[in-house]
Every structure is written in C-alpha cells, then in structure tokens.
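*Asks:* Please find one structure pasted underneath; my questions will follow.
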Amino acid sequence: MLIREARTSDLPQIVAIHRVAFAGFFMTELGHRFLKAYYRQVLDFPNHLFLVCQNMLDAPIEGFVAGFTNPHEFYNLLKKHKWYFALCALAHLIVRPHRWTHALASLRRAQSLTQPHRESLRIAELASLAVHPQAQGKGIGKALVLAFLELAQEQGVQKVYLTTDASNNEAVNSFYQRLGFRLSHQFWHTPQRLMNEYVYDLYNKQVKSRGEHK
Ligand SMILES: CC(C)(COP(=O)(O)OP(=O)(O)OC[C@H]1O[C@@H](n2cnc3c(N)ncnc32)[C@H](O)[C@@H]1OP(=O)(O)O)[C@@H](O)C(=O)NCCC(=O)NCCS
C-alpha cells in the first residue's frame with residue numbers, strides 16, 4: 001500500500017471515488033464540476049493535507065483523505081469564491097433548487113468554522129475521507145487517517161476535527177471512535193440533519209502510520 005501526497009492530475013480519480021463512495025450525498029448531487037472545483041480549492045490551498053492511496057505507483061487510486069490546517073482561512077476563501085462554486089453547480093441547482101437550502105446551510109457551517117477559536121495553524125480539519133467501494137474493508141481508510149494524523153502532527157497541529165452524520169451512520173462513527181476520535185459537539189446542519197463533530201488530540205501523542213506520504 002502506497003500513501004502519497006495528492007497531485008492535480010489525481011483530481012479526476014478523486015472526484016470519481018467521491019461520487020461512488022458518497023452516492024446520494026449533498027455535495028455529490030451538486031455535480032462533477034462542483035466536486036472538481038472543491039477538491040482543486042483544497043489542493044491549491046497552501047495549508048492543505050491531502051493524501052491518496054494506491055497499491056503501487058501508477059496503479060489506480062483506491063482512496064483519499066483531504067483536509068487542511070487553518071480552517072478559518074480555508075472557509076474564508078470558500079466564501080470569497082462562493083459564486084464560482086454556485087456556477088459550477090448551476091445545472092444541478094436549476095433542476096433541484098431546494099439544494100440551495102443545503103448550500104446555504106453549508107455556508108453557515110463554514111462561517112461557524114471561522115470563529116476565533118479555530119483561527120490557528122495548530123488546528124486541522126479532516127474534511128473528506130473516501131475509499132472506493134471495491135477496496136473497502138482492507139485497511140485503506142484506517143491507513144489514510146493515520147497518515148493524515150501523522151502529517152498533521154509533523155506540521156505542528158495539536159487538534160484534528162471532523163464532522164460526520166450522527167444518524168444512520170453507525171459504521172463511520174464507530175470507525176472514527178475506534179481510531180481514537182472523541183465526540184466533541186453535535187449540531188444541526190439542516191433541520192433534518194444532525195451532525196457529530198469529533199476531535200483527535202495530537203498533543204503529547206506519537207502517531208505512527210505504516211505508509212509513506214512524501
Ligand atoms: C468509512 C471508510 C472510509 C472506511 O474505509 P475502509 O478502508 O473501508 O476501512 P478499513 O478497512 O480501514 O477499516 C478500519 C476499521 O474500521 C472498521 N470498519 C470499516 N468499515 C466498517 C463498516 N462498514 N462497519 C463496521 N466496521 C467497519 C474495520 O472493521 C476496521 O476495524 P479494525 O481496525 O478493528 O480491523 C469507507 O467505508 C468509505 O469510504 N465509506 C464511504 C465514505 C464515508 O462514509 N466516509 C467517511 C465520512 S466522514
């Protein structure tokens with residue numbers, strides 16, 4: 001198993017994995033162009049933490065983990081470019097305009113992540129983790145999270161945050177809990193969607209992943 005930094009040329013495969021791993025999810029339903037623009041924004045962000053996993057060099061990518069330190073700055077950028085992102089999703093928003101409600105909820109969440117306590121290079125957010133359905137259950141997700149934590153720690157991060165659905169999502173919640181993430185907060189993303197926020201405290205801990213991520 002090879003874990004390495006993501007590159008621009010990986011974006012089509014990353015988007016393809018997102019679409020199958022998160023089929024039916026809000027971001028997926030905003031379409032291919034939106035997803036590509038989103039992951040490009042992560043990759044272009046100077047404080048990104050973005051890793052992919054493949055069997056060997058030049059083999060197809062089987063999974064990825066994307067995030068960033070300094071979420072405050074990342075979400076400011078996202079807000080700044082919100083009309084570009086809306087344009088990327090336009091065709092999908094015209095067909096199903098109610099998705100705009102979710103988009104606004106996401107922006108509100110982005111705003112809450114720009115609160116002062118998040119304003120730090122010592123904080124990272126694990127924003128997206130996905131393994132291709134045909135490659136799940138082989139330890140790739142776990143290896144990607146450990147490599148992400150190790151990379152974050154190397155960059156001086158002390159706390160890693162992530163959010164995931166609270167309801168009908170037992171497997172993912174127990175996946176993160178078993179990796180050592182602690183439930184820190186719950187919030188309503190929309191009136192129907194309760195989210196769990198998890199934190200992993202890197203302070204005074206030594207994370208050692210098995211993969212290489214240089
Ligand atoms: C969640 C996800 C990333 C896990 O990746 P994976 O490669 O399948 O998981 P791993 O094989 O590394 O499993 C790691 C551990 O979690 C457990 N686990 C993983 N998926 C599980 C499931 N669906 N049910 C129960 N346990 C599960 C494994 O048994 C394993 O436990 P162990 O370390 O004690 O052996 C993957 O299922 C996925 O991409 N899901 C769709 C996208 C998603 O929900 N992403 C996370 C949202 S924030």
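In the structure tokens, the first chain shown is A, the next is B, and so on; residue numbers restart at 1 for each chain, and ligands run from 1 in the order shown.
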Residues near A:Met195, anyone? I mean within 7 Å using only C-alpha atoms, not counting same-chain ones fewer than 6 positions away, as a ChimeraX atom specification.
*Replies:* /A:163-166,186-189
*Asks:* Within 7 Å of ligand 1, which residues show up when you count only C-alpha atoms and all ligand atoms? List them as a JSON list (two decimals) with N, CA, C and O atoms, in the first residue's frame, please.
*Replies:*
```json
[["chain", "number", "residue", "atom", "x", "y", "z"],
["A", 21, "ALA", "N", -18.37, 6.67, -3.51],
["A", 21, "ALA", "CA", -18.34, 6.43, -2.06],
["A", 21, "ALA", "C", -19.42, 7.25, -1.36],
["A", 21, "ALA", "O", -19.95, 6.83, -0.33],
["A", 22, "PHE", "N", -19.73, 8.44, -1.89],
["A", 22, "PHE", "CA", -20.75, 9.31, -1.28],
["A", 22, "PHE", "C", -21.97, 9.45, -2.17],
["A", 22, "PHE", "O", -22.52, 10.55, -2.30],
["A", 128, "SER", "N", -12.68, 15.33, 4.22],
["A", 128, "SER", "CA", -13.26, 14.29, 3.37],
["A", 128, "SER", "C", -12.37, 13.05, 3.36],
["A", 128, "SER", "O", -11.15, 13.15, 3.19],
["A", 129, "LEU", "N", -13.00, 11.90, 3.54],
["A", 129, "LEU", "CA", -12.30, 10.62, 3.51],
["A", 129, "LEU", "C", -13.16, 9.66, 2.71],
["A", 129, "LEU", "O", -14.34, 9.50, 3.00],
["A", 130, "ALA", "N", -12.58, 9.01, 1.71],
["A", 130, "ALA", "CA", -13.36, 8.04, 0.94],
["A", 130, "ALA", "C", -12.47, 6.96, 0.37],
["A", 130, "ALA", "O", -11.35, 7.22, -0.07],
["A", 131, "VAL", "N", -13.00, 5.75, 0.40],
["A", 131, "VAL", "CA", -12.33, 4.60, -0.20],
["A", 131, "VAL", "C", -13.29, 4.03, -1.24],
["A", 131, "VAL", "O", -14.50, 3.94, -0.98],
["A", 132, "HIS", "N", -12.77, 3.67, -2.39],
["A", 132, "HIS", "CA", -13.62, 3.09, -3.44],
["A", 132, "HIS", "C", -14.35, 1.87, -2.87],
["A", 132, "HIS", "O", -13.72, 1.03, -2.22],
["A", 133, "PRO", "N", -15.67, 1.75, -3.10],
["A", 133, "PRO", "CA", -16.42, 0.63, -2.51],
["A", 133, "PRO", "C", -15.77, -0.74, -2.75],
["A", 133, "PRO", "O", -15.79, -1.60, -1.87],
["A", 135, "ALA", "N", -12.72, -1.40, -2.75],
["A", 135, "ALA", "CA", -11.47, -1.53, -1.98],
["A", 135, "ALA", "C", -11.69, -1.36, -0.48],
["A", 135, "ALA", "O", -10.76, -1.38, 0.31],
["A", 136, "GLN", "N", -12.98, -1.22, -0.08],
["A", 136, "GLN", "CA", -13.25, -1.01, 1.36],
["A", 136, "GLN", "C", -13.03, -2.29, 2.16],
["A", 136, "GLN", "O", -13.08, -3.38, 1.62],
["A", 137, "GLY", "N", -12.77, -2.11, 3.45],
["A", 137, "GLY", "CA", -12.60, -3.25, 4.35],
["A", 137, "GLY", "C", -11.24, -3.90, 4.28],
["A", 137, "GLY", "O", -11.02, -4.99, 4.80],
["A", 138, "LYS", "N", -10.27, -3.22, 3.63],
["A", 138, "LYS", "CA", -8.91, -3.79, 3.53],
["A", 138, "LYS", "C", -7.89, -2.97, 4.32],
["A", 138, "LYS", "O", -6.70, -3.11, 4.12],
["A", 139, "GLY", "N", -8.37, -2.07, 5.15],
["A", 139, "GLY", "CA", -7.45, -1.28, 5.97],
["A", 139, "GLY", "C", -7.01, 0.04, 5.35],
["A", 139, "GLY", "O", -6.20, 0.76, 5.94],
["A", 140, "ILE", "N", -7.56, 0.37, 4.16],
["A", 140, "ILE", "CA", -7.11, 1.60, 3.48],
["A", 140, "ILE", "C", -7.59, 2.86, 4.22],
["A", 140, "ILE", "O", -6.81, 3.80, 4.43],
["A", 141, "GLY", "N", -8.86, 2.86, 4.64],
["A", 141, "GLY", "CA", -9.40, 4.03, 5.34],
["A", 141, "GLY", "C", -8.60, 4.32, 6.60],
["A", 141, "GLY", "O", -8.20, 5.46, 6.86],
["A", 142, "LYS", "N", -8.33, 3.27, 7.36],
["A", 142, "LYS", "CA", -7.57, 3.42, 8.61],
["A", 142, "LYS", "C", -6.16, 3.95, 8.32],
["A", 142, "LYS", "O", -5.68, 4.87, 8.98],
["A", 143, "ALA", "N", -5.51, 3.38, 7.30],
["A", 143, "ALA", "CA", -4.15, 3.80, 6.96],
["A", 143, "ALA", "C", -4.13, 5.27, 6.53],
["A", 143, "ALA", "O", -3.21, 6.02, 6.88],
["A", 163, "THR", "N", -16.36, 16.20, 10.91],
["A", 163, "THR", "CA", -17.79, 16.04, 11.19],
["A", 163, "THR", "C", -18.35, 14.93, 10.32],
["A", 163, "THR", "O", -17.89, 14.73, 9.18],
["A", 164, "THR", "N", -19.31, 14.23, 10.87],
["A", 164, "THR", "CA", -19.98, 13.17, 10.12],
["A", 164, "THR", "C", -21.42, 13.06, 10.61],
["A", 164, "THR", "O", -21.75, 13.54, 11.71],
["A", 171, "ALA", "N", -21.54, 2.76, 11.30],
["A", 171, "ALA", "CA", -20.24, 2.20, 10.90],
["A", 171, "ALA", "C", -19.17, 3.28, 10.88],
["A", 171, "ALA", "O", -18.07, 3.08, 11.42],
["A", 172, "VAL", "N", -19.50, 4.44, 10.31],
["A", 172, "VAL", "CA", -18.49, 5.50, 10.19],
["A", 172, "VAL", "C", -18.18, 6.08, 11.58],
["A", 172, "VAL", "O", -17.02, 6.32, 11.92],
["A", 174, "SER", "N", -18.36, 4.53, 14.47],
["A", 174, "SER", "CA", -17.52, 3.61, 15.26],
["A", 174, "SER", "C", -16.12, 3.50, 14.64],
["A", 174, "SER", "O", -15.15, 3.33, 15.36],
["A", 175, "PHE", "N", -16.02, 3.67, 13.31],
["A", 175, "PHE", "CA", -14.70, 3.68, 12.64],
["A", 175, "PHE", "C", -13.83, 4.78, 13.25],
["A", 175, "PHE", "O", -12.68, 4.54, 13.65]]
```
*Asks:* Assign secondary structure with DSSP using the backbone only, and return the residues of stretch 27-212 of chain A in alpha helix (DSSP H) as a PyMOL selection string.
*Replies:* chain A and resi 27-29+32-44+71-80+82-88+90-95+99-112+140-154+170-178
*Asks:* Could those residues be written to a file, using C-alpha atoms, as an mmCIF file, in the first residue's frame?
*Replies:*
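This went into part-v5.cif:
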```
data_model
loop_
_atom_site.group_PDB
_atom_site.id
_atom_site.type_symbol
_atom_site.label_atom_id
_atom_site.label_comp_id
_atom_site.auth_asym_id
_atom_site.auth_seq_id
_atom_site.Cartn_x
_atom_site.Cartn_y
_atom_site.Cartn_z
ATOM 1 C CA MET A 27 -22.011 17.520 -2.297
ATOM 2 C CA THR A 28 -22.156 14.656 -4.806
ATOM 3 C CA GLU A 29 -25.536 15.887 -6.012
ATOM 4 C CA HIS A 32 -18.909 16.624 -11.107
ATOM 5 C CA ARG A 33 -17.817 20.212 -11.870
ATOM 6 C CA PHE A 34 -18.594 21.341 -8.327
ATOM 7 C CA LEU A 35 -16.641 18.448 -6.791
ATOM 8 C CA LYS A 36 -13.655 19.048 -9.039
ATOM 9 C CA ALA A 37 -13.659 22.764 -8.151
ATOM 10 C CA TYR A 38 -13.930 21.932 -4.443
ATOM 11 C CA TYR A 39 -11.026 19.459 -4.395
ATOM 12 C CA ARG A 40 -8.940 21.788 -6.568
ATOM 13 C CA GLN A 41 -9.563 24.516 -3.993
ATOM 14 C CA VAL A 42 -8.272 22.173 -1.259
ATOM 15 C CA LEU A 43 -5.216 21.285 -3.346
ATOM 16 C CA ASP A 44 -4.493 24.939 -4.157
ATOM 17 C CA PRO A 71 -9.740 26.058 8.536
ATOM 18 C CA HIS A 72 -10.543 29.715 9.235
ATOM 19 C CA GLU A 73 -8.571 30.805 6.179
ATOM 20 C CA PHE A 74 -9.859 27.937 4.007
ATOM 21 C CA TYR A 75 -13.517 28.797 4.672
ATOM 22 C CA ASN A 76 -12.848 32.474 4.069
ATOM 23 C CA LEU A 77 -11.566 31.526 0.621
ATOM 24 C CA LEU A 78 -14.578 29.289 0.028
ATOM 25 C CA LYS A 79 -16.895 32.186 0.897
ATOM 26 C CA LYS A 80 -14.919 34.519 -1.340
ATOM 27 C CA LYS A 82 -18.992 31.151 -3.490
ATOM 28 C CA TRP A 83 -20.394 32.450 -6.812
ATOM 29 C CA TYR A 84 -17.827 30.469 -8.757
ATOM 30 C CA PHE A 85 -18.873 27.322 -6.843
ATOM 31 C CA ALA A 86 -22.555 28.141 -7.402
ATOM 32 C CA LEU A 87 -21.805 28.470 -11.119
ATOM 33 C CA CYS A 88 -20.088 25.058 -11.140
ATOM 34 C CA LEU A 90 -25.698 25.660 -11.580
ATOM 35 C CA ALA A 91 -27.099 22.924 -13.829
ATOM 36 C CA HIS A 92 -27.862 20.801 -10.745
ATOM 37 C CA LEU A 93 -29.329 23.702 -8.755
ATOM 38 C CA ILE A 94 -31.685 24.598 -11.619
ATOM 39 C CA VAL A 95 -33.040 21.036 -11.750
ATOM 40 C CA ARG A 99 -30.391 22.050 -2.849
ATOM 41 C CA TRP A 100 -29.667 25.725 -2.440
ATOM 42 C CA THR A 101 -31.024 25.386 1.148
ATOM 43 C CA HIS A 102 -28.305 22.811 1.822
ATOM 44 C CA ALA A 103 -25.743 25.018 0.138
ATOM 45 C CA LEU A 104 -26.712 27.898 2.435
ATOM 46 C CA ALA A 105 -26.556 25.582 5.462
ATOM 47 C CA SER A 106 -23.045 24.582 4.391
ATOM 48 C CA LEU A 107 -22.024 28.199 4.141
ATOM 49 C CA ARG A 108 -23.429 28.876 7.611
ATOM 50 C CA ARG A 109 -21.381 25.936 8.891
ATOM 51 C CA ALA A 110 -18.368 27.365 7.095
ATOM 52 C CA GLN A 111 -18.992 30.625 8.899
ATOM 53 C CA SER A 112 -19.087 28.898 12.295
ATOM 54 C CA ILE A 140 -7.112 1.602 3.480
ATOM 55 C CA GLY A 141 -9.396 4.027 5.341
ATOM 56 C CA LYS A 142 -7.575 3.419 8.605
ATOM 57 C CA ALA A 143 -4.149 3.799 6.962
ATOM 58 C CA LEU A 144 -5.222 7.079 5.326
ATOM 59 C CA VAL A 145 -6.482 8.543 8.615
ATOM 60 C CA LEU A 146 -3.288 7.542 10.457
ATOM 61 C CA ALA A 147 -1.136 9.039 7.682
ATOM 62 C CA PHE A 148 -3.239 12.220 7.812
ATOM 63 C CA LEU A 149 -2.772 12.483 11.586
ATOM 64 C CA GLU A 150 0.963 11.864 11.255
ATOM 65 C CA LEU A 151 1.312 14.520 8.551
ATOM 66 C CA ALA A 152 -0.701 16.983 10.636
ATOM 67 C CA GLN A 153 1.473 16.282 13.642
ATOM 68 C CA GLU A 154 4.643 16.865 11.610
ATOM 69 C CA GLU A 170 -23.118 3.723 12.890
ATOM 70 C CA ALA A 171 -20.243 2.198 10.904
ATOM 71 C CA VAL A 172 -18.494 5.501 10.194
ATOM 72 C CA ASN A 173 -18.990 6.772 13.764
ATOM 73 C CA SER A 174 -17.520 3.612 15.255
ATOM 74 C CA PHE A 175 -14.705 3.683 12.642
ATOM 75 C CA TYR A 176 -13.569 7.114 13.910
ATOM 76 C CA GLN A 177 -14.150 6.284 17.584
ATOM 77 C CA ARG A 178 -12.003 3.153 17.293
#
```
*Asks:* Determine, counting only C-alpha atoms, which protein, DNA and RNA residues have an atom within 8 Å of an atom of A:Ala6; residues of the same chain fewer than 3 positions away are not included. Present the result as a PDB file with N, CA, C and O atoms, in the first residue's frame.
*Replies:*
```pdb
ATOM      1  N   ASP A  10      -4.405  13.891 -10.136  1.00  0.00           N
ATOM      2  CA  ASP A  10      -5.232  12.875  -9.447  1.00  0.00           C
ATOM      3  C   ASP A  10      -6.698  13.294  -9.365  1.00  0.00           C
ATOM      4  O   ASP A  10      -7.562  12.471  -9.011  1.00  0.00           O
ATOM      5  N   LEU A  43      -6.589  21.516  -2.878  1.00  0.00           N
ATOM      6  CA  LEU A  43      -5.216  21.285  -3.346  1.00  0.00           C
ATOM      7  C   LEU A  43      -4.452  22.602  -3.520  1.00  0.00           C
ATOM      8  O   LEU A  43      -3.246  22.672  -3.258  1.00  0.00           O
ATOM      9  N   PHE A  50      -3.473  16.525   2.008  1.00  0.00           N
ATOM     10  CA  PHE A  50      -4.269  15.807   1.000  1.00  0.00           C
ATOM     11  C   PHE A  50      -3.463  14.591   0.542  1.00  0.00           C
ATOM     12  O   PHE A  50      -2.407  14.724  -0.081  1.00  0.00           O
ATOM     13  N   LEU A  51      -3.954  13.409   0.881  1.00  0.00           N
ATOM     14  CA  LEU A  51      -3.217  12.174   0.588  1.00  0.00           C
ATOM     15  C   LEU A  51      -4.076  11.214  -0.230  1.00  0.00           C
ATOM     16  O   LEU A  51      -5.306  11.184  -0.074  1.00  0.00           O
ATOM     17  N   VAL A  52      -3.412  10.434  -1.074  1.00  0.00           N
ATOM     18  CA  VAL A  52      -4.123   9.385  -1.819  1.00  0.00           C
ATOM     19  C   VAL A  52      -3.448   8.044  -1.539  1.00  0.00           C
ATOM     20  O   VAL A  52      -2.278   7.993  -1.153  1.00  0.00           O
TER      21      VAL A  52
END
```
